[in-house]
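**Q** This is input.cif, which holds mmCIF, C-alpha atoms:
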```
data_start
#
loop_
_atom_site.label_atom_id
_atom_site.label_comp_id
_atom_site.auth_asym_id
_atom_site.auth_seq_id
_atom_site.Cartn_x
_atom_site.Cartn_y
_atom_site.Cartn_z
CA MET A 1 131.36 114.35 87.32
CA SER A 2 130.74 117.58 89.20
CA THR A 3 129.05 117.46 92.61
CA LEU A 4 127.70 120.35 94.66
CA VAL A 5 127.79 119.82 98.44
CA VAL A 6 125.34 122.37 99.76
CA CYS A 7 124.66 123.22 103.41
CA VAL A 8 121.11 124.49 103.88
CA ASP A 9 120.10 127.01 106.56
CA ARG A 10 116.43 127.84 106.21
CA ASN A 11 116.19 130.24 109.17
CA ASP A 12 119.30 132.19 108.09
CA ASP A 13 121.01 131.70 111.46
CA ILE A 14 124.38 131.93 109.72
CA GLY A 15 123.64 135.25 108.05
CA THR A 16 122.06 136.74 111.17
CA LYS A 17 124.99 135.89 113.45
CA THR A 18 127.83 136.72 111.06
CA GLY A 19 126.30 139.48 108.92
CA LEU A 20 127.46 137.71 105.73
CA GLU A 21 125.30 137.25 102.66
CA THR A 22 124.72 133.87 101.09
CA PRO A 23 125.37 131.93 98.96
CA VAL A 24 128.91 131.31 100.13
CA ALA A 25 130.83 128.94 97.85
CA GLY A 26 134.32 127.48 97.87
CA TRP A 27 136.41 125.48 100.31
CA GLU A 28 138.27 128.40 101.89
CA ALA A 29 135.18 130.60 102.08
CA VAL A 30 133.15 127.92 103.89
CA ARG A 31 136.09 127.09 106.14
CA SER A 32 136.36 130.74 107.18
CA LEU A 33 132.60 130.81 107.69
CA VAL A 34 132.89 127.96 110.22
CA THR A 35 135.18 130.14 112.34
CA GLU A 36 132.89 133.15 112.10
CA VAL A 37 129.78 131.17 113.14
CA GLY A 38 131.66 129.31 115.89
CA LEU A 39 132.95 132.55 117.41
CA ALA A 40 129.51 134.16 117.22
CA ASP A 41 127.68 131.19 118.84
CA PRO A 42 129.70 128.09 119.77
CA GLU A 43 126.53 126.21 120.76
CA ASP A 44 124.84 126.64 117.35
CA SER A 45 124.32 123.35 115.48
CA SER A 46 125.08 125.22 112.24
CA VAL A 47 128.79 124.86 113.10
CA ASN A 48 128.42 121.07 112.94
CA CYS A 49 126.45 121.34 109.72
CA LEU A 50 129.20 123.43 108.07
CA LEU A 51 131.92 121.06 109.25
CA GLU A 52 129.95 118.08 107.92
CA SER A 53 129.71 119.82 104.55
CA LEU A 54 133.49 120.23 104.46
CA ARG A 55 134.01 116.59 105.47
CA VAL A 56 131.66 115.28 102.75
CA ALA A 57 133.38 117.50 100.16
CA ARG A 58 136.81 116.24 101.24
CA ASP A 59 135.74 112.58 101.03
CA LEU A 60 134.29 113.08 97.54
CA ARG A 61 137.40 114.93 96.43
CA ASP A 62 139.55 112.04 97.66
CA GLY A 63 137.48 109.84 95.34
CA ASP A 64 138.63 111.89 92.33
CA GLU A 65 135.38 113.83 91.98
CA GLU A 66 135.07 117.50 91.12
CA VAL A 67 133.44 118.98 94.21
CA THR A 68 132.14 122.42 95.13
CA VAL A 69 131.03 123.15 98.68
CA ALA A 70 128.52 125.95 99.29
CA VAL A 71 126.14 127.41 101.88
CA ILE A 72 122.66 128.77 101.17
CA SER A 73 120.14 130.28 103.58
CA GLY A 74 116.70 131.80 103.68
CA ALA A 75 117.44 135.51 104.10
CA ALA A 76 113.88 136.84 104.36
CA GLU A 77 111.22 137.72 106.92
CA THR A 78 108.48 135.23 105.96
CA MET A 79 108.67 131.47 105.45
CA VAL A 80 107.61 131.80 101.82
CA GLY A 81 110.26 134.47 101.29
CA ARG A 82 112.91 132.24 102.86
CA ASP A 83 112.03 129.33 100.58
CA ARG A 84 112.13 131.61 97.53
CA ALA A 85 115.50 133.01 98.65
CA VAL A 86 116.90 129.48 98.89
CA ALA A 87 115.52 128.71 95.42
CA ASP A 88 117.15 131.85 93.95
CA GLN A 89 120.50 131.11 95.59
CA MET A 90 120.35 127.55 94.28
CA ASP A 91 119.73 128.86 90.77
CA ASP A 92 122.80 131.14 91.11
CA LEU A 93 125.01 128.24 92.17
CA ILE A 94 123.80 126.05 89.29
CA ALA A 95 124.40 128.87 86.79
CA GLU A 96 127.91 129.48 88.14
CA PHE A 97 129.25 125.96 88.70
CA ASP A 98 126.93 123.80 86.49
CA PRO A 99 127.03 120.72 88.77
CA ASP A 100 125.71 117.31 87.71
CA SER A 101 124.29 116.39 91.12
CA ALA A 102 124.07 117.60 94.71
CA VAL A 103 124.55 116.32 98.24
CA VAL A 104 122.36 118.23 100.71
CA VAL A 105 123.56 118.65 104.31
CA ILE A 106 120.98 119.69 106.94
CA ASP A 107 120.76 119.86 110.72
CA SER A 108 117.02 120.16 111.45
CA ALA A 109 113.58 119.10 110.30
CA GLN A 110 112.85 122.60 108.99
CA ASP A 111 115.86 122.48 106.70
CA GLU A 112 114.69 119.11 105.38
CA ARG A 113 111.59 120.78 103.92
CA LEU A 114 113.83 122.56 101.41
CA VAL A 115 115.04 119.31 99.84
CA PRO A 116 112.14 119.16 97.33
CA ILE A 117 113.00 122.71 96.18
CA ILE A 118 116.58 121.66 95.49
CA GLU A 119 115.43 118.41 93.83
CA SER A 120 113.26 120.40 91.43
CA ARG A 121 116.40 122.12 90.09
CA LEU A 122 119.17 119.55 90.43
CA GLN A 123 119.53 115.83 90.95
CA VAL A 124 120.03 115.09 94.67
CA ASP A 125 122.17 112.00 95.27
CA ALA A 126 122.08 112.08 99.07
CA VAL A 127 120.72 113.95 102.07
CA ASP A 128 123.04 114.07 105.10
CA ARG A 129 121.29 114.97 108.36
CA VAL A 130 123.63 116.11 111.11
CA VAL A 131 122.57 115.30 114.66
CA VAL A 132 124.62 116.64 117.55
CA ARG A 133 125.64 113.67 119.68
CA GLN A 134 124.48 115.17 122.97
CA ALA A 135 121.00 115.75 121.55
CA ARG A 136 120.73 112.58 119.43
CA ASP A 137 117.95 110.97 121.50
CA ILE A 138 115.90 114.16 121.60
CA GLU A 139 116.35 114.78 117.89
CA SER A 140 115.51 111.19 116.98
CA THR A 141 112.39 111.33 119.14
CA TYR A 142 111.35 114.52 117.40
CA TYR A 143 111.73 112.92 113.99
CA LEU A 144 109.73 109.88 115.07
CA LEU A 145 106.93 112.09 116.37
CA LYS A 146 107.09 114.11 113.16
CA GLN A 147 106.69 111.01 110.99
CA PHE A 148 103.94 109.68 113.26
CA LEU A 149 101.90 112.88 113.09
CA ALA A 150 102.37 113.02 109.33
CA ASP A 151 100.67 109.62 108.90
CA GLU A 152 96.92 110.20 108.72
CA GLU A 153 96.02 106.56 109.31
CA LEU A 154 98.13 106.36 112.47
CA ARG A 155 96.63 109.59 113.77
CA GLN A 156 93.11 108.25 113.33
CA THR A 157 94.04 104.87 114.80
CA VAL A 158 95.85 106.09 117.92
CA LEU A 159 95.14 109.74 118.66
CA VAL A 160 91.37 109.66 118.12
CA PRO A 161 90.71 106.74 120.56
CA VAL A 162 93.10 108.25 123.12
CA GLY A 163 91.31 111.60 122.84
CA VAL A 164 87.89 109.98 123.25
CA ALA A 165 89.13 108.03 126.29
CA LEU A 166 90.55 111.17 127.90
CA LEU A 167 87.25 112.99 127.37
CA ALA A 168 85.12 110.10 128.62
CA PHE A 169 87.22 109.39 131.72
CA PRO A 170 86.31 112.53 133.74
CA ILE A 171 82.63 112.16 132.80
CA ILE A 172 82.47 108.55 134.02
CA LEU A 173 84.59 109.49 137.03
CA MET A 174 82.07 112.10 138.19
CA ALA A 175 79.07 109.90 137.39
CA ALA A 176 80.12 106.49 138.72
CA GLY A 177 83.34 106.80 140.68
CA PRO A 178 87.02 106.05 140.01
CA ALA A 179 86.76 102.24 139.98
CA THR A 180 84.02 102.19 137.35
CA ALA A 181 85.79 104.84 135.27
CA VAL A 182 89.08 102.94 135.20
CA ALA A 183 87.33 99.64 134.49
CA ALA A 184 85.24 101.10 131.67
CA ILE A 185 88.15 102.87 129.96
CA THR A 186 90.38 99.79 130.30
CA ALA A 187 87.68 97.55 128.86
CA VAL A 188 87.11 99.87 125.90
CA ILE A 189 90.84 100.12 125.20
CA GLY A 190 91.15 96.34 125.41
CA LEU A 191 88.28 95.83 122.98
CA PHE A 192 89.80 98.37 120.60
CA VAL A 193 93.20 96.65 120.71
CA LEU A 194 91.56 93.29 119.96
CA TYR A 195 89.47 94.92 117.23
CA LYS A 196 92.59 96.20 115.49
CA GLY A 197 94.87 93.29 116.35
CA LEU A 198 92.53 90.60 114.99
CA GLY A 199 91.85 92.58 111.83
CA VAL A 200 88.13 92.91 112.54
CA ASP A 201 88.17 96.45 111.14
CA GLU A 202 89.33 95.21 107.74
CA TYR A 203 86.67 92.48 107.75
CA VAL A 204 83.95 94.97 108.70
CA ALA A 205 85.15 97.40 106.01
CA ASP A 206 84.99 94.68 103.34
CA LEU A 207 81.70 93.17 104.58
CA PRO A 208 79.28 95.51 102.73
CA THR A 209 81.14 94.96 99.46
CA ASP A 210 81.18 91.19 99.95
CA ILE A 211 77.45 91.10 100.74
CA LYS A 212 76.68 93.26 97.71
CA ASP A 213 78.76 91.04 95.43
CA ALA A 214 77.15 87.93 96.89
CA LEU A 215 73.63 89.29 96.31
CA TYR A 216 74.34 90.40 92.74
CA SER A 217 76.16 87.19 91.84
CA GLY A 218 73.37 84.96 93.15
CA ARG A 219 75.50 82.95 95.57
CA VAL A 220 73.83 80.20 97.56
CA SER A 221 76.06 80.92 100.53
CA ILE A 222 74.34 84.24 101.28
CA VAL A 223 71.15 82.30 102.11
CA THR A 224 72.95 79.57 104.04
CA TYR A 225 74.82 82.20 106.06
CA VAL A 226 71.53 83.73 107.16
CA VAL A 227 70.27 80.25 108.07
CA ALA A 228 73.49 79.59 109.96
CA ALA A 229 73.15 82.86 111.90
CA GLY A 230 69.59 81.93 112.90
CA LEU A 231 70.61 78.42 113.98
CA SER A 232 73.51 79.86 115.97
CA LEU A 233 71.19 82.18 117.87
CA ILE A 234 68.86 79.26 118.60
CA GLY A 235 71.81 77.19 119.80
CA LEU A 236 73.07 79.91 122.14
CA PHE A 237 69.55 80.44 123.49
CA ALA A 238 69.05 76.69 123.98
CA GLY A 239 72.35 76.36 125.83
CA ALA A 240 71.63 79.32 128.11
CA LEU A 241 68.11 78.01 128.76
CA ARG A 242 69.48 74.58 129.63
CA VAL A 243 71.90 76.03 132.18
CA SER A 244 69.38 78.38 133.79
CA ASN A 245 66.39 76.02 133.97
CA SER A 246 68.12 72.73 134.83
CA SER A 247 69.21 71.45 138.21
CA VAL A 248 72.87 71.52 137.19
CA SER A 249 75.07 72.78 140.00
CA THR A 250 76.36 76.27 139.28
CA GLU A 251 79.13 76.14 141.88
CA GLY A 252 81.75 74.88 139.43
CA VAL A 253 82.47 75.68 135.81
CA LEU A 254 82.67 72.22 134.22
CA LEU A 255 79.07 71.02 134.61
CA PRO A 256 77.39 74.26 133.47
CA ALA A 257 79.75 74.36 130.49
CA MET A 258 78.92 70.75 129.62
CA ALA A 259 75.19 71.46 129.97
CA PHE A 260 75.52 74.46 127.67
CA ALA A 261 77.49 72.43 125.12
CA PHE A 262 75.08 69.48 125.30
CA ALA A 263 72.10 71.68 124.43
CA SER A 264 73.73 74.07 121.97
CA VAL A 265 76.12 71.85 119.99
CA PRO A 266 73.43 70.26 117.76
CA TRP A 267 72.19 73.70 116.69
CA LEU A 268 75.68 75.15 116.32
CA ALA A 269 76.80 72.12 114.32
CA ALA A 270 73.76 72.50 112.09
CA ALA A 271 74.63 76.19 111.61
CA ALA A 272 78.22 75.38 110.66
CA LEU A 273 76.99 72.60 108.39
CA ALA A 274 74.61 75.00 106.62
CA ALA A 275 77.33 77.61 106.13
CA SER A 276 79.91 75.10 104.87
CA THR A 277 77.38 73.49 102.56
CA GLY A 278 76.61 76.88 101.04
CA ARG A 279 80.31 77.50 100.41
CA LEU A 280 80.59 74.05 98.85
CA LEU A 281 77.63 74.66 96.52
CA ASP A 282 79.08 78.02 95.45
CA GLU A 283 82.39 76.36 94.69
CA ILE A 284 80.67 73.62 92.66
CA ILE A 285 78.67 76.16 90.67
CA ARG A 286 81.62 78.45 89.90
CA ASN A 287 84.38 75.88 89.36
CA ASP A 288 84.54 72.57 87.59
CA ARG A 289 86.98 71.21 90.14
CA VAL A 290 86.35 71.62 93.89
CA ARG A 291 89.18 71.79 96.40
CA ASN A 292 89.45 69.09 99.08
CA SER A 293 89.05 71.63 101.86
CA TYR A 294 85.52 72.54 100.73
CA LEU A 295 84.56 68.87 100.43
CA ASN A 296 85.97 67.95 103.85
CA LEU A 297 84.49 70.92 105.72
CA PRO A 298 80.85 69.68 106.12
CA PHE A 299 82.00 66.25 107.27
CA GLY A 300 84.52 67.77 109.65
CA VAL A 301 81.90 70.03 111.20
CA LEU A 302 79.51 67.11 111.71
CA ALA A 303 82.27 64.94 113.19
CA VAL A 304 83.32 67.62 115.69
CA GLY A 305 79.67 68.13 116.70
CA LEU A 306 79.25 64.41 117.40
CA VAL A 307 82.43 64.22 119.49
CA VAL A 308 81.60 67.30 121.58
CA ARG A 309 78.04 66.05 122.11
CA GLY A 310 79.38 62.68 123.29
CA PHE A 311 81.84 64.13 125.78
CA SER A 312 79.33 66.60 127.23
CA ALA A 313 76.74 63.81 127.60
CA TYR A 314 79.32 61.65 129.39
CA PHE A 315 79.88 64.20 132.19
CA LEU A 316 76.20 65.02 132.59
CA GLN A 317 75.14 61.36 132.64
CA ARG A 318 77.79 60.49 135.21
CA GLU A 319 76.35 63.16 137.53
CA GLY A 320 72.75 62.10 136.88
CA TYR A 321 71.68 65.20 134.96
CA VAL A 322 71.03 63.27 131.72
CA GLU A 323 69.16 60.01 131.43
CA PRO A 324 70.97 57.08 129.79
CA VAL A 325 69.99 56.09 126.27
CA VAL A 326 67.71 53.05 126.28
CA VAL A 327 67.16 50.85 123.24
CA PRO A 328 63.76 49.13 123.80
CA HIS A 329 63.04 45.49 123.23
CA MET A 330 62.32 44.84 119.57
CA GLU A 331 61.18 41.82 117.62
CA LEU A 332 61.72 41.71 113.86
CA GLY A 333 60.24 38.42 112.70
CA SER A 334 62.40 35.67 114.07
CA LEU A 335 65.00 38.19 115.25
CA SER A 336 64.62 39.47 118.78
CA VAL A 337 66.65 42.33 120.30
CA GLU A 338 66.72 42.64 124.04
CA ARG A 339 66.46 45.95 125.87
CA ILE A 340 69.84 47.75 125.91
CA VAL A 341 70.88 50.54 128.29
CA LEU A 342 73.81 52.66 127.10
CA HIS A 343 75.87 53.83 130.05
CA SER A 344 77.97 57.01 129.98
CA GLY A 345 81.20 55.42 128.75
CA THR A 346 79.49 53.38 126.05
CA ARG A 347 77.50 56.38 124.93
CA MET A 348 80.62 58.53 124.64
CA ALA A 349 82.47 55.79 122.76
CA LEU A 350 79.64 55.47 120.22
CA PHE A 351 79.60 59.21 119.58
CA VAL A 352 83.39 59.33 119.21
CA VAL A 353 83.36 56.36 116.82
CA ALA A 354 80.54 57.97 114.85
CA GLY A 355 82.56 61.19 114.57
CA VAL A 356 85.64 59.33 113.36
CA VAL A 357 83.57 57.38 110.83
CA VAL A 358 81.96 60.56 109.47
CA SER A 359 85.37 62.22 109.18
CA LEU A 360 86.81 59.21 107.32
CA LEU A 361 83.81 59.17 104.99
CA GLY A 362 84.45 62.81 104.17
CA VAL A 363 88.12 62.16 103.42
CA GLN A 364 87.25 59.13 101.29
CA LEU A 365 84.55 60.97 99.36
CA SER A 366 86.72 64.02 98.70
CA SER A 367 89.60 61.80 97.52
CA TYR A 368 87.27 59.87 95.21
CA LEU A 369 85.76 63.00 93.70
CA THR A 370 89.17 64.61 93.27
CA GLU A 371 90.60 61.54 91.53
CA THR A 372 87.52 61.29 89.29
CA SER A 373 87.74 64.95 88.35
CA PHE A 374 91.48 64.65 87.70
CA GLY A 375 90.97 61.56 85.54
CA GLU A 376 88.33 63.31 83.44
CA GLU A 377 90.59 66.33 82.95
CA PHE A 378 93.48 64.07 81.95
CA GLU A 379 91.30 62.26 79.40
CA ASP A 380 90.10 65.57 77.97
CA GLU A 381 93.69 66.74 77.56
CA GLU A 382 94.59 63.49 75.73
CA LEU A 383 91.62 63.96 73.39
CA VAL A 384 92.68 67.50 72.66
CA GLU A 385 96.21 66.40 71.87
#
```
Translate the structure of the given file into structure tokens.

**A**
Amino acid sequence: MSTLVVCVDRNDDIGTKTGLETPVAGWEAVRSLVTEVGLADPEDSSVNCLLESLRVARDLRDGDEEVTVAVISGAAETMVGRDRAVADQMDDLIAEFDPDSAVVVIDSAQDERLVPIIESRLQVDAVDRVVVRQARDIESTYYLLKQFLADEELRQTVLVPVGVALLAFPIILMAAGPATAVAAITAVIGLFVLYKGLGVDEYVADLPTDIKDALYSGRVSIVTYVVAAGLSLIGLFAGALRVSNSSVSTEGVLLPAMAFAFASVPWLAAAALAASTGRLLDEIIRNDRVRNSYLNLPFGVLAVGLVVRGFSAYFLQREGYVEPVVVPHMELGSLSVERIVLHSGTRMALFVVAGVVVSLLGVQLSSYLTETSFGEEFEDEELVE
């Protein structure tokens, strides 16, 4: 197997400083070239690139491979002319030595752009990038920035918001002062980070397609989602109205939060129940067998709503903001029921028990339906066999 170890110099620094023409091929010729370039400019990274080419060729030769080391450069005035010069020199080396593959040695990002030209003419087994140790951090940073700027999605995600923020900051600064400007920019950046971090952008991008598919496929859930959105708005409005119009003390956080939950939870639970029921109906229509999660969801939503309603009523009733539940005196024939007053603890316990019972009913029903569906499928398979 014949391997060509080629050192690439796109800017023709080697030819300019030594006056030699490329390509230069052969161990002794490249070794002499190292001395010429080093004497002309000891600080040039091309010296390290040439030495790396010799080292790679020596290691391959020690592995019983037939190796030829060479140097090519872009001896021209324009960038297009330099690339064409490198292509011509590569063709000359291939015609002279007929290698099976190549190892490309480079020392800069500009030289790396010539790798596709070499790959179009000869199989490239490896690309060896030489970084001078004193400049390793700077060079690595440059390559990271180069890859970052080459990614269109990253540019749009990071550079565009940063640019907008930098443009908006002086405008807000002159209009409203430094405190408002810093607060506004920080809030916008925070919202953007949450928007990207929570994947809201992907959901928003897929939302029109999902709505279109739902409308064309005749899903029930599209209607129940609209109903759920309306019930959610009513619930939020009812909770806010309860807090603003009631005599609940606004000094703390607990009581206003409980008042909001007490008024809004029934509507929010109804909204979640409508949405989950729509998903369940869609699943029943499309599939013969429904997963347990879809069956449990409506019961779980109702159970959580009952528990939250019970706890919020407990705090409000203890502080006198909600009247206790009173069961009036009733007479049903010979049966007489005395008047019952449900205090805060009893009321909360009843709601919690009701939530647990509803949740257990959902689990029991989903298990029963799943077992029934599985039994029918098993019988059908036996009949087929």

**Q** To one decimal in Å, tell me the separation between CA of Glu21 (chain A) and CA of Val124 (chain A).

**A**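 So the two atoms, CA of Glu21 (chain A) and CA of Val124 (chain A), lie 24.1 Å apart.
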
**Q** What is the CA of Asn48 (chain A) to CA of Cys7 (chain A) distance in Å?

**A**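 Going from CA of Asn48 (chain A) over to CA of Cys7 (chain A), I get 10.5 Å.
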
**Q** Name all residues at most 10 Å from region 106-123 of chain A (count all atoms listed in the file; drop same-chain ones fewer than 2 positions away) and give them as a ChimeraX atom specification.

**A** /A:3-4,6-11,45-50,52-53,73-74,82-84,86-87,90-91,94,98-104,125-132,139,142-143,146

**Q** Could you tell me which residues the PyMOL selection byres ((chain A and resi 68) around 10) grabs in this file, written as a VMD selection string?

**A** chain A and resid 2 to 6 25 to 27 54 57 to 58 60 to 61 65 to 67 69 to 70 93 97 99 102

**Q** Translate the PyMOL selection byres ((chain A and resi 236) around 10) into a concrete residue list for this structure, as a PDB file with C-alpha atoms, in the frame of the given file.

**A**
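This is the output file out-v1.pdb:
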```
ATOM      1  CA  LEU A 231      70.610  78.420 113.980  1.00  0.00           C
ATOM      2  CA  SER A 232      73.510  79.860 115.970  1.00  0.00           C
ATOM      3  CA  LEU A 233      71.190  82.180 117.870  1.00  0.00           C
ATOM      4  CA  ILE A 234      68.860  79.260 118.600  1.00  0.00           C
ATOM      5  CA  GLY A 235      71.810  77.190 119.800  1.00  0.00           C
ATOM      6  CA  PHE A 237      69.550  80.440 123.490  1.00  0.00           C
ATOM      7  CA  ALA A 238      69.050  76.690 123.980  1.00  0.00           C
ATOM      8  CA  GLY A 239      72.350  76.360 125.830  1.00  0.00           C
ATOM      9  CA  ALA A 240      71.630  79.320 128.110  1.00  0.00           C
ATOM     10  CA  LEU A 241      68.110  78.010 128.760  1.00  0.00           C
ATOM     11  CA  ARG A 242      69.480  74.580 129.630  1.00  0.00           C
ATOM     12  CA  PHE A 260      75.520  74.460 127.670  1.00  0.00           C
ATOM     13  CA  ALA A 261      77.490  72.430 125.120  1.00  0.00           C
ATOM     14  CA  ALA A 263      72.100  71.680 124.430  1.00  0.00           C
ATOM     15  CA  SER A 264      73.730  74.070 121.970  1.00  0.00           C
ATOM     16  CA  VAL A 265      76.120  71.850 119.990  1.00  0.00           C
ATOM     17  CA  TRP A 267      72.190  73.700 116.690  1.00  0.00           C
ATOM     18  CA  LEU A 268      75.680  75.150 116.320  1.00  0.00           C
TER      19      LEU A 268
END
```

**Q** Under the rule that only C-alpha atoms are counted, which of A:Ala274, A:Asp12, A:Ala313, A:Leu51 is the nearest residue to Val30 (chain A)?

**A** A:Leu51

**Q** Pick out the closest residue to Leu280 (chain A) from this set: A:Met330, A:Val243, A:Val220, A:Val162. Count all atoms listed in the file.

**A**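 Result for the nearest residue to Leu280 (chain A): A:Val220.
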
**Q** Grab all the atoms of region 306-320 of chain A that the file lists, wrap them in a box along x, y and z, add 8 Å per side, and give me centre plus edge lengths in Å (one decimal) as lines of an AutoDock Vina configuration file.

**A**
```
center_x = 77.6
center_y = 63.9
center_z = 127.5
size_x = 25.7
size_y = 22.8
size_z = 36.1
```

**Q** Translate the PyMOL selection byres ((chain A and resi 309) around 9) into a concrete residue list for this structure, as a PyMOL selection string.

**A** chain A and resi 258+261-263+265-266+304-308+310-314+348+351

**Q** Measuring atom to atom with all atoms listed in the file, identify which of A:Leu173, A:Met1, A:Val204, A:Asp41 is nearest to Asp64 (chain A).

**A**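 Closest to Asp64 (chain A), using all atoms listed in the file: A:Met1.
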
**Q** Env of Gly278 (chain A): 9 Å cut, atoms = all atoms listed in the file, seq-sep filter 2 positions within chain, self excluded. Answer as a list in words.

**A**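 These residues fall inside the cut-off: Arg219, Val220, Ser221, Ile222, Val223, Thr224, Tyr225, Leu273, Ala274, Ala275, Ser276, Leu280, Leu281, Asp282 and Glu283 of chain A.
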
**Q** How would the residues just picked look written out with C-alpha atoms as a PDB file, in the coordinates of the input?

**A**
```pdb
ATOM      1  CA  ARG A 219      75.500  82.950  95.570  1.00  0.00           C
ATOM      2  CA  VAL A 220      73.830  80.200  97.560  1.00  0.00           C
ATOM      3  CA  SER A 221      76.060  80.920 100.530  1.00  0.00           C
ATOM      4  CA  ILE A 222      74.340  84.240 101.280  1.00  0.00           C
ATOM      5  CA  VAL A 223      71.150  82.300 102.110  1.00  0.00           C
ATOM      6  CA  THR A 224      72.950  79.570 104.040  1.00  0.00           C
ATOM      7  CA  TYR A 225      74.820  82.200 106.060  1.00  0.00           C
ATOM      8  CA  LEU A 273      76.990  72.600 108.390  1.00  0.00           C
ATOM      9  CA  ALA A 274      74.610  75.000 106.620  1.00  0.00           C
ATOM     10  CA  ALA A 275      77.330  77.610 106.130  1.00  0.00           C
ATOM     11  CA  SER A 276      79.910  75.100 104.870  1.00  0.00           C
ATOM     12  CA  LEU A 280      80.590  74.050  98.850  1.00  0.00           C
ATOM     13  CA  LEU A 281      77.630  74.660  96.520  1.00  0.00           C
ATOM     14  CA  ASP A 282      79.080  78.020  95.450  1.00  0.00           C
ATOM     15  CA  GLU A 283      82.390  76.360  94.690  1.00  0.00           C
TER      16      GLU A 283
END
```

**Q** Can you tell me how far CA of Leu198 (chain A) sits from CA of Thr277 (chain A), in Å to one decimal?

**A**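 Distance between the two atoms: 26.0 Å.
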
**Q** Pick from A:Leu39, A:Arg31, A:Leu332, A:Val160: nearest to Thr18 (chain A), with all atoms listed in the file counted?

**A**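 For Thr18 (chain A), the nearest of the candidates is A:Leu39.
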
**Q** Can you pull out every residue within 12 Å of region 176-183 of chain A, counting only C-alpha atoms, but drop anything in the same chain fewer than 6 positions away, and send it as a list in words?

**A**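 My reading of the contact set: Ala165, Leu166, Leu167, Ala168, Phe169, Pro170, Ile189 and Gly190 of chain A.
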
**Q** Between A:Ile171, A:Ile72, A:Val24, A:Ala259, which has the minimum distance to Gly320 (chain A) (counting only C-alpha atoms)?

**A**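 Ranking A:Ile171, A:Ile72, A:Val24, A:Ala259 by distance to Gly320 (chain A), first place goes to A:Ala259.
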